[in-house]
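work-v3.txt (compact mmCIF, C-alpha atoms) appears below.
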# COMPACT_ATOMS: atom_id res chain seq x y z
CA MET R 14 -180.69 58.62 62.22
CA PHE R 15 -177.48 60.27 63.46
CA ASP R 16 -176.97 60.02 67.20
CA PRO R 17 -174.39 62.62 68.28
CA THR R 18 -171.53 61.43 70.45
CA VAL R 19 -170.30 62.99 73.68
CA TYR R 20 -167.55 64.65 71.63
CA ASP R 21 -170.11 66.13 69.19
CA ASN R 22 -172.33 67.44 71.99
CA LEU R 23 -169.47 69.08 73.89
CA LYS R 24 -168.07 70.56 70.68
CA VAL R 25 -171.43 72.17 69.88
CA GLY R 26 -171.72 73.44 73.46
CA PHE R 27 -168.34 75.19 73.27
CA GLU R 28 -169.07 76.53 69.77
CA ASN R 29 -172.43 77.94 70.82
CA TYR R 30 -171.11 79.69 73.91
CA LEU R 31 -167.91 81.06 72.39
CA TYR R 32 -169.61 82.24 69.18
CA ASP R 33 -172.24 84.00 71.35
CA MET R 34 -169.41 85.72 73.26
CA ASP R 35 -168.07 86.81 69.85
CA ASN R 36 -171.18 87.73 67.86
CA LEU R 37 -173.70 88.76 70.51
CA ASP R 38 -171.62 90.04 73.42
CA GLU R 39 -168.68 91.24 71.29
CA ARG R 40 -166.29 90.40 74.15
CA ILE R 41 -164.05 88.02 72.25
CA GLN R 42 -163.07 87.46 68.66
CA ILE R 43 -162.78 83.97 67.20
CA THR R 44 -159.40 83.78 65.44
CA GLY R 45 -159.17 80.13 64.45
CA ARG R 46 -161.15 76.93 64.20
CA LYS R 47 -159.93 73.41 63.46
CA ASP R 48 -162.00 70.26 63.29
CA ARG R 49 -159.73 67.33 62.46
CA LEU R 50 -160.21 63.66 61.84
CA GLU R 51 -156.93 61.75 61.96
CA MET R 52 -157.67 58.89 59.61
CA ALA R 53 -154.54 56.87 60.53
CA VAL R 54 -155.79 56.27 64.08
CA MET R 55 -159.40 57.48 63.69
CA SER R 56 -159.10 60.14 66.38
CA ARG R 57 -160.85 63.50 66.38
CA GLU R 58 -159.70 66.89 67.61
CA PHE R 59 -161.57 70.17 67.72
CA THR R 60 -159.82 73.48 68.47
CA LEU R 61 -161.46 76.87 68.77
CA GLN R 62 -159.06 79.80 69.23
CA PHE R 63 -160.02 83.30 70.31
CA CYS R 64 -158.70 86.53 71.76
CA LEU R 65 -160.35 89.28 73.75
CA ARG R 66 -161.96 91.84 71.47
CA ASP R 67 -159.27 94.10 69.92
CA ARG R 68 -156.56 92.48 72.11
CA PRO R 69 -154.75 89.86 69.98
CA GLU R 70 -151.68 89.79 72.26
CA VAL R 71 -153.06 86.81 74.22
CA THR R 72 -154.99 83.95 72.67
CA GLY R 73 -157.09 81.27 74.30
CA GLU R 74 -157.92 77.85 72.85
CA VAL R 75 -160.37 75.14 73.78
CA VAL R 76 -159.21 71.71 72.58
CA LEU R 77 -161.48 68.66 72.66
CA SER R 78 -160.19 65.29 71.51
CA SER R 79 -161.52 61.77 71.28
CA SER R 80 -159.78 58.52 70.39
CA LEU R 81 -161.10 55.55 68.45
CA ASN R 82 -161.37 53.57 71.70
CA GLU R 83 -163.53 56.24 73.33
CA LEU R 84 -165.73 56.58 70.27
CA ALA R 85 -166.10 52.81 69.78
CA ALA R 86 -166.96 52.26 73.45
CA GLU R 87 -169.74 54.82 73.15
CA ILE R 88 -171.16 53.67 69.82
CA LEU R 89 -170.99 49.97 70.72
CA GLU R 90 -172.29 50.69 74.23
CA THR R 91 -169.47 48.65 75.75
CA PRO R 92 -170.46 47.46 79.25
CA GLY R 93 -168.51 49.25 81.96
CA ALA R 94 -167.23 51.91 79.57
CA HIS R 95 -167.65 55.56 80.46
CA PRO R 96 -167.85 57.48 77.17
CA GLY R 97 -166.13 60.82 77.12
CA CYS R 98 -163.35 62.87 75.59
CA ARG R 99 -160.36 64.86 76.71
CA LEU R 100 -160.28 68.61 77.32
CA GLU R 101 -157.31 70.95 77.26
CA ILE R 102 -157.23 74.72 77.32
CA ARG R 103 -154.30 76.76 76.09
CA PHE R 104 -153.15 80.33 76.34
CA GLY R 105 -150.65 81.77 73.87
CA MET R 106 -148.63 84.97 73.97
CA VAL R 107 -145.45 86.55 72.66
CA MET R 108 -142.86 87.84 75.12
CA LYS R 109 -139.27 88.94 75.44
CA GLU R 110 -138.45 87.72 78.98
CA PRO R 111 -139.83 84.22 79.60
CA GLU R 112 -137.52 83.69 82.60
CA SER R 113 -139.53 86.20 84.63
CA GLN R 114 -142.93 85.95 82.93
CA CYS R 115 -143.38 82.15 82.72
CA PRO R 116 -143.40 81.67 86.53
CA ALA R 117 -146.02 84.43 86.77
CA ILE R 118 -148.11 82.72 84.07
CA ARG R 119 -147.87 79.41 85.95
CA SER R 120 -148.98 81.14 89.15
CA ILE R 121 -152.04 82.67 87.46
CA LEU R 122 -153.04 79.32 85.95
CA GLN R 123 -152.43 77.35 89.16
CA GLU R 124 -154.59 79.80 91.06
CA SER R 125 -157.37 79.31 88.52
CA TRP R 126 -157.03 75.54 88.06
CA PRO R 127 -155.14 74.20 91.11
CA GLU R 128 -156.06 70.55 90.51
CA GLN R 129 -154.99 70.41 86.86
CA ARG R 130 -151.65 69.67 85.23
CA ILE R 131 -150.08 72.83 83.78
CA CYS R 132 -147.17 72.99 81.37
CA GLN R 133 -145.63 75.70 79.22
CA THR R 134 -143.77 75.45 75.95
CA ILE R 135 -141.46 78.12 74.56
CA GLN R 136 -140.61 78.48 70.90
CA TYR R 137 -138.36 80.94 69.12
CA ILE R 138 -136.52 81.31 65.81
CA PHE R 139 -132.80 80.64 66.14
CA ASP R 140 -130.53 83.53 65.12
CA GLU R 141 -133.40 86.02 64.84
CA GLN R 142 -132.71 89.28 66.66
CA PRO R 143 -134.22 90.51 68.83
CA ILE R 144 -135.35 87.14 70.16
CA ILE R 145 -139.12 86.93 70.44
CA TYR R 146 -140.49 83.98 72.42
CA ASN R 147 -143.83 82.35 71.63
CA VAL R 148 -145.14 80.87 74.86
CA MET R 149 -148.02 78.41 75.01
CA ALA R 150 -149.42 77.54 78.44
CA HIS R 151 -151.46 74.33 78.61
CA VAL R 152 -154.02 73.37 81.24
CA CYS R 153 -154.68 69.64 80.90
CA PHE R 154 -157.77 68.08 82.41
CA ASP R 155 -156.44 64.59 83.08
CA ARG R 156 -159.82 62.96 83.26
CA SER R 157 -162.50 62.19 80.75
CA VAL R 158 -165.24 64.80 80.32
CA ASN R 159 -168.76 64.07 79.14
CA GLU R 160 -172.24 65.60 78.99
CA ASP R 161 -172.31 65.83 82.79
CA GLN R 162 -169.97 68.82 82.36
CA MET R 163 -172.16 70.64 79.78
CA GLY R 164 -173.31 73.05 82.48
CA ASP R 165 -169.68 73.97 83.19
CA ILE R 166 -168.97 75.24 79.66
CA ALA R 167 -170.21 78.79 80.30
CA GLU R 168 -168.24 79.10 83.53
CA LEU R 169 -165.08 77.70 81.92
CA CYS R 170 -165.31 80.10 78.94
CA GLU R 171 -165.93 83.08 81.22
CA HIS R 172 -163.06 82.04 83.43
CA MET R 173 -160.78 81.73 80.40
CA ALA R 174 -161.66 85.33 79.41
CA ASN R 175 -160.83 86.51 82.96
CA VAL R 176 -157.50 84.69 82.90
CA MET R 177 -156.73 86.23 79.50
CA ASN R 178 -157.30 89.67 81.07
CA GLN R 179 -154.81 88.79 83.81
CA LEU R 180 -152.29 87.56 81.24
CA LEU R 181 -152.70 90.80 79.25
CA GLN R 182 -151.90 92.81 82.38
CA LEU R 183 -148.82 90.65 82.93
CA ASN R 184 -147.74 91.13 79.32
CA ASN R 185 -147.96 94.95 79.50
Using structure tokens, write down the structure that the file contains.
Amino acid sequence: MFDPTVYDNLKVGFENYLYDMDNLDERIQITGRKDRLEMAVMSREFTLQFCLRDRPEVTGEVVLSSSLNELAAEILETPGAHPGCRLEIRFGMVMKEPESQCPAIRSILQESWPEQRICQTIQYIFDEQPIIYNVMAHVCFDRSVNEDQMGDIAELCEHMANVMNQLLQLNN
């Protein structure tokens, strides 16, 4: 019989809550879903992307990942191992003035997640005019998460939606 891993259980928890926010509450709209198995290193990554309903200017993503070592430690019940996976959340938006907007984005994210590592990446097409910048802000949870955090999924998803509202106001 299949015994779901920590990764599987957290993935289902995020899917259930976010799809309920989409289908039942109609507050968000799921815009992308990836469930990858990297066969070269036997790692797994799940990404669920969404935007606020009828507001595609800002996207949010939940990213869960698990390595072969984490999976093997759980399946083999390695003594002293603490099975878990990694969590990252991302916010994406398009802007014209990253010099002024990126510090404001960082401030919003640091206020929301003061203990977490935050980084932003900027991408644009060279020689395209006018220059449009694609900014992705990452909030990295630098510790392993497991089923002990299942109860935090609803709060995290709700908080992401609130932050997306703040980022929309910044973008207008």
Point-to-point distance from atom CA of R:Gly26 to atom CA of R:Thr72, Å rounded to tenths: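 Distance between the two atoms: 19.8 Å.
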Within 8 Å of stretch 17-22 of chain R using only C-alpha atoms, minus same-chain residues under 5 positions, as a ChimeraX atom specification: /R:77-79,84,87-88,96-98,159-160
How would the residues just chosen look if you wrote them out with C-alpha atoms as a PDB file, in the frame of the given file?
ATOM      1  CA  LEU R  77    -161.480  68.660  72.660  1.00  0.00           C
ATOM      2  CA  SER R  78    -160.190  65.290  71.510  1.00  0.00           C
ATOM      3  CA  SER R  79    -161.520  61.770  71.280  1.00  0.00           C
ATOM      4  CA  LEU R  84    -165.730  56.580  70.270  1.00  0.00           C
ATOM      5  CA  GLU R  87    -169.740  54.820  73.150  1.00  0.00           C
ATOM      6  CA  ILE R  88    -171.160  53.670  69.820  1.00  0.00           C
ATOM      7  CA  PRO R  96    -167.850  57.480  77.170  1.00  0.00           C
ATOM      8  CA  GLY R  97    -166.130  60.820  77.120  1.00  0.00           C
ATOM      9  CA  CYS R  98    -163.350  62.870  75.590  1.00  0.00           C
ATOM     10  CA  ASN R 159    -168.760  64.070  79.140  1.00  0.00           C
ATOM     11  CA  GLU R 160    -172.240  65.600  78.990  1.00  0.00           C
TER      12      GLU R 160
END
Exercise: R:Phe27 partners within 9 Å, all atoms listed in the file, chain neighbours under 4 positions left out, as an MDAnalysis selection string: chainID R and resid 22:23 31:32 61 75 163 166:167 170
For atom CA of R:Met108 and atom CA of R:Asp48, the interatomic separation in Å (one decimal):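 Between these atoms lies a distance of 28.6 Å.
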Within 12 Å of R:His172 using all atoms listed in the file, minus same-chain residues under 4 positions, as an NGL selection string: :R and (73 or 102 or 121-122 or 124-126 or 165-168 or 176-179)
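Here atom CA of R:Lys24 is placed at a distance of 25.3 Å from atom CA of R:Glu70.
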Is it possible to add N, CA and C atoms to stretch 128-147 of chain R and hand it back as a short mmCIF file (atom, residue, chain, number, x, y, z; two decimals), keeping the file's coordinate frame?
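Saved to rebuild_23.cif:
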data_model
loop_
_atom_site.label_atom_id
_atom_site.label_comp_id
_atom_site.auth_asym_id
_atom_site.auth_seq_id
_atom_site.Cartn_x
_atom_site.Cartn_y
_atom_site.Cartn_z
N GLU R 128 -156.06 72.01 90.57
CA GLU R 128 -156.06 70.55 90.51
C GLU R 128 -155.55 70.01 89.18
N GLN R 129 -155.33 70.86 88.20
CA GLN R 129 -154.99 70.41 86.86
C GLN R 129 -153.50 70.50 86.59
N ARG R 130 -153.06 69.66 85.66
CA ARG R 130 -151.65 69.67 85.23
C ARG R 130 -151.44 70.87 84.30
N ILE R 131 -150.38 71.63 84.57
CA ILE R 131 -150.08 72.83 83.78
C ILE R 131 -148.67 72.69 83.23
N CYS R 132 -148.51 72.96 81.94
CA CYS R 132 -147.17 72.99 81.37
C CYS R 132 -147.09 74.15 80.38
N GLN R 133 -145.87 74.60 80.15
CA GLN R 133 -145.63 75.70 79.22
C GLN R 133 -144.56 75.29 78.22
N THR R 134 -144.77 75.68 76.97
CA THR R 134 -143.77 75.45 75.95
C THR R 134 -143.33 76.80 75.41
N ILE R 135 -142.03 76.88 75.09
CA ILE R 135 -141.46 78.12 74.56
C ILE R 135 -140.85 77.80 73.21
N GLN R 136 -141.13 78.67 72.25
CA GLN R 136 -140.61 78.48 70.90
C GLN R 136 -140.05 79.81 70.41
N TYR R 137 -138.92 79.73 69.71
CA TYR R 137 -138.36 80.94 69.12
C TYR R 137 -137.56 80.55 67.88
N ILE R 138 -137.27 81.54 67.04
CA ILE R 138 -136.52 81.31 65.81
C ILE R 138 -135.04 81.56 66.11
N PHE R 139 -134.23 80.56 65.89
CA PHE R 139 -132.80 80.64 66.14
C PHE R 139 -132.17 81.71 65.24
N ASP R 140 -131.29 82.49 65.80
CA ASP R 140 -130.53 83.53 65.12
C ASP R 140 -131.36 84.77 64.74
N GLU R 141 -132.61 84.82 65.13
CA GLU R 141 -133.40 86.02 64.84
C GLU R 141 -133.19 87.01 65.99
N GLN R 142 -132.94 88.25 65.65
CA GLN R 142 -132.71 89.28 66.66
C GLN R 142 -133.69 90.42 66.45
N PRO R 143 -134.28 90.99 67.45
CA PRO R 143 -134.22 90.51 68.83
C PRO R 143 -135.02 89.21 68.97
N ILE R 144 -134.66 88.42 69.96
CA ILE R 144 -135.35 87.14 70.16
C ILE R 144 -136.75 87.41 70.70
N ILE R 145 -137.72 86.85 70.02
CA ILE R 145 -139.12 86.93 70.44
C ILE R 145 -139.55 85.50 70.77
N TYR R 146 -140.09 85.30 71.97
CA TYR R 146 -140.49 83.98 72.42
C TYR R 146 -142.00 83.81 72.29
N ASN R 147 -142.42 82.72 71.67
CA ASN R 147 -143.83 82.35 71.63
C ASN R 147 -144.06 81.35 72.75
#
